[in-house]
Amino acid sequence: MIKVQHEDVDIARLIQDAKRAGTGAIVVFDGIVRDDDIREMELEAYREVAVPELERIADIAMAKFHLIHVDIIHRIGRLAIGENILVIVVSAGHRKEAYEGSRYIIEAIKAGVPIWKKELTKGGGRWVPGEHPDRSGKTE
Amino acid sequence: MTAKLRFFARFRELLGTDILVPVREGVTISDLVRSAVSGNEGGYAAIFDENGNFREFVILMRNGKRIERQDTKNTPVQDGDEIAIFPPVAGG
């Protein structure tokens, strides 16, 4: 399942569904709104591009790390501290592939999927600086 | 002929979600965007530098595909094109 959505995610259900034939390891990445002296976080996406890009990343990860199953659910809208932002569930035959596949997916998302985060504070808000694809590691 | 300009994140706050603009035959992506945002001082300054070029961190897509900043100067806009303009992504 690859989705960009407002609704929260049932992680236990995803784990259950990821137990496909041949699965020996499941890695779950759960990105959460951190309390960095903020009230809430607001996320927006260029959804028409973000979803196909997430699908492409999942396809690459499955082939590269011999994964059995991948779920990526990225939330948008206003989220409170402690809420899930991004859930990645990866199943593989062994832990090495599962860990490496999960790591590949989160780094690829951060590098190139058109989604943005704004931290809403008491004094207003601030956009989280992103990485530019032409200048790896540098921000605006 | 018309094209849609779409802005995201900080650029959306400055310029609006999207703008439908008339397209003159042969106009380039760069010239179309510059013309469309020239009346918005803050929005223009966020996207263009003092020489009228896209700032280094600005990312552009044409119909969902990345287009390099330098290519926007010689790529004509087609009827119905969707040009997306946004700052570096920060998902995850």
# chains A, B, ... in the order shown; residues from 1 in each chain; ligands from 1
call {"tool": "closest_atom_pairs", "arguments": {"of": "chain B", "to": "chain A", "cutoff": "7 Å", "atoms": "only C-alpha atoms", "output": "CSV"}}
result
residue,atom,partner,partner_atom,distance
B:Ala9,CA,A:Trp116,CA,6.3
B:Phe57,CA,A:Glu140,CA,5.7
B:Gly64,CA,A:Val49,CA,5.9
B:Pro88,CA,A:Gly130,CA,4.7
B:Val89,CA,A:Gly130,CA,4.8
B:Ala90,CA,A:Gly130,CA,4.3
B:Gly91,CA,A:Ile115,CA,4.7
B:Gly92,CA,A:Lys110,CA,5.6
call {"tool": "select_by_dssp", "arguments": {"residues": "chain A", "states": "helix (DSSP H, G or I)", "output": "MDAnalysis selection string"}}
result
chainID A and resid 11:18 47:65 95:112
call {"tool": "select_by_dssp", "arguments": {"residues": "chain B", "states": "strand (DSSP E)", "output": "JSON, numbers by chain"}}
result
{"B": [2, 3, 4, 5, 6, 7, 18, 19, 20, 21, 22, 59, 60, 61, 62, 65, 66, 67, 82, 83, 84, 85, 86]}
call {"tool": "residues_around", "arguments": {"residues": "range 89-94 of chain A", "least_positions_apart": "2", "cutoff": "8 Å", "atoms": "only C-alpha atoms", "output": "NGL selection string"}}
result
:A and (14-15 or 18-20 or 22-29 or 66-72 or 87 or 96-98 or 101-102)
call {"tool": "residues_around", "arguments": {"residues": "Arg39 in chain A", "least_positions_apart": "3", "cutoff": "12 Å", "atoms": "only C-alpha atoms", "output": "ChimeraX atom specification"}}
result
/A:33-36,42,78-82,118-126
call {"tool": "write_last_selection", "arguments": {"atoms": "C-alpha atoms", "output": "short mmCIF file (atom, residue, chain, number, x, y, z; two decimals), in the first residue's frame"}}
result
data_model
loop_
_atom_site.label_atom_id
_atom_site.label_comp_id
_atom_site.auth_asym_id
_atom_site.auth_seq_id
_atom_site.Cartn_x
_atom_site.Cartn_y
_atom_site.Cartn_z
CA VAL A 33 5.98 14.78 15.14
CA ARG A 34 8.68 15.70 17.63
CA ASP A 35 8.16 18.26 20.39
CA ASP A 36 10.62 20.89 19.19
CA GLU A 42 1.40 21.05 8.92
CA ARG A 78 -2.23 19.24 10.56
CA LEU A 79 -0.66 16.81 12.99
CA ALA A 80 -0.19 17.12 16.74
CA ILE A 81 2.97 16.28 18.66
CA GLY A 82 3.34 12.52 18.89
CA LYS A 118 5.77 23.52 8.46
CA GLU A 119 6.29 23.70 12.22
CA LEU A 120 3.54 25.77 13.81
CA THR A 121 4.78 27.65 16.86
CA LYS A 122 3.26 30.08 19.32
CA GLY A 123 4.82 32.91 17.35
CA GLY A 124 3.70 31.74 13.91
CA GLY A 125 5.40 29.06 11.88
CA ARG A 126 8.59 27.99 10.12
#
call {"tool": "residues_around", "arguments": {"residues": "range 38-42 of chain B", "least_positions_apart": "4", "cutoff": "9 Å", "atoms": "only C-alpha atoms", "output": "MDAnalysis selection string"}}
result
chainID B and resid 14:15 33:34 46:47
call {"tool": "write_last_selection", "arguments": {"atoms": "C-alpha atoms", "output": "compact mmCIF listing (two decimals), in the first residue's frame"}}
result
# COMPACT_ATOMS: atom_id res chain seq x y z
CA LEU B 14 3.34 34.04 -1.07
CA LEU B 15 1.73 33.48 -4.47
CA VAL B 33 6.69 32.48 -14.58
CA ARG B 34 8.59 35.76 -14.32
CA ALA B 46 11.53 34.31 -3.21
CA ILE B 47 11.81 32.69 -6.64
call {"tool": "atom_distance", "arguments": {"atom1": "CA of Arg55 in chain B", "atom2": "CA of Gly77 in chain A"}}
result
27.7 Å
call {"tool": "atom_distance", "arguments": {"atom1": "CA of Ile57 in chain A", "atom2": "CA of Phe11 in chain B"}}
result
26.2 Å
call {"tool": "residues_around", "arguments": {"residues": "range 59-63 of chain B", "least_positions_apart": "5", "cutoff": "6 Å", "atoms": "only C-alpha atoms", "output": "list in words"}}
result
Glu82, Ile83, Ala84, Ile85, Phe86 and Pro87 of chain B
call {"tool": "residues_around", "arguments": {"residues": "Ile29 in chain B", "least_positions_apart": "6", "cutoff": "8 Å", "atoms": "only C-alpha atoms", "output": "VMD selection string"}}
result
chain B and resid 72 to 77 83
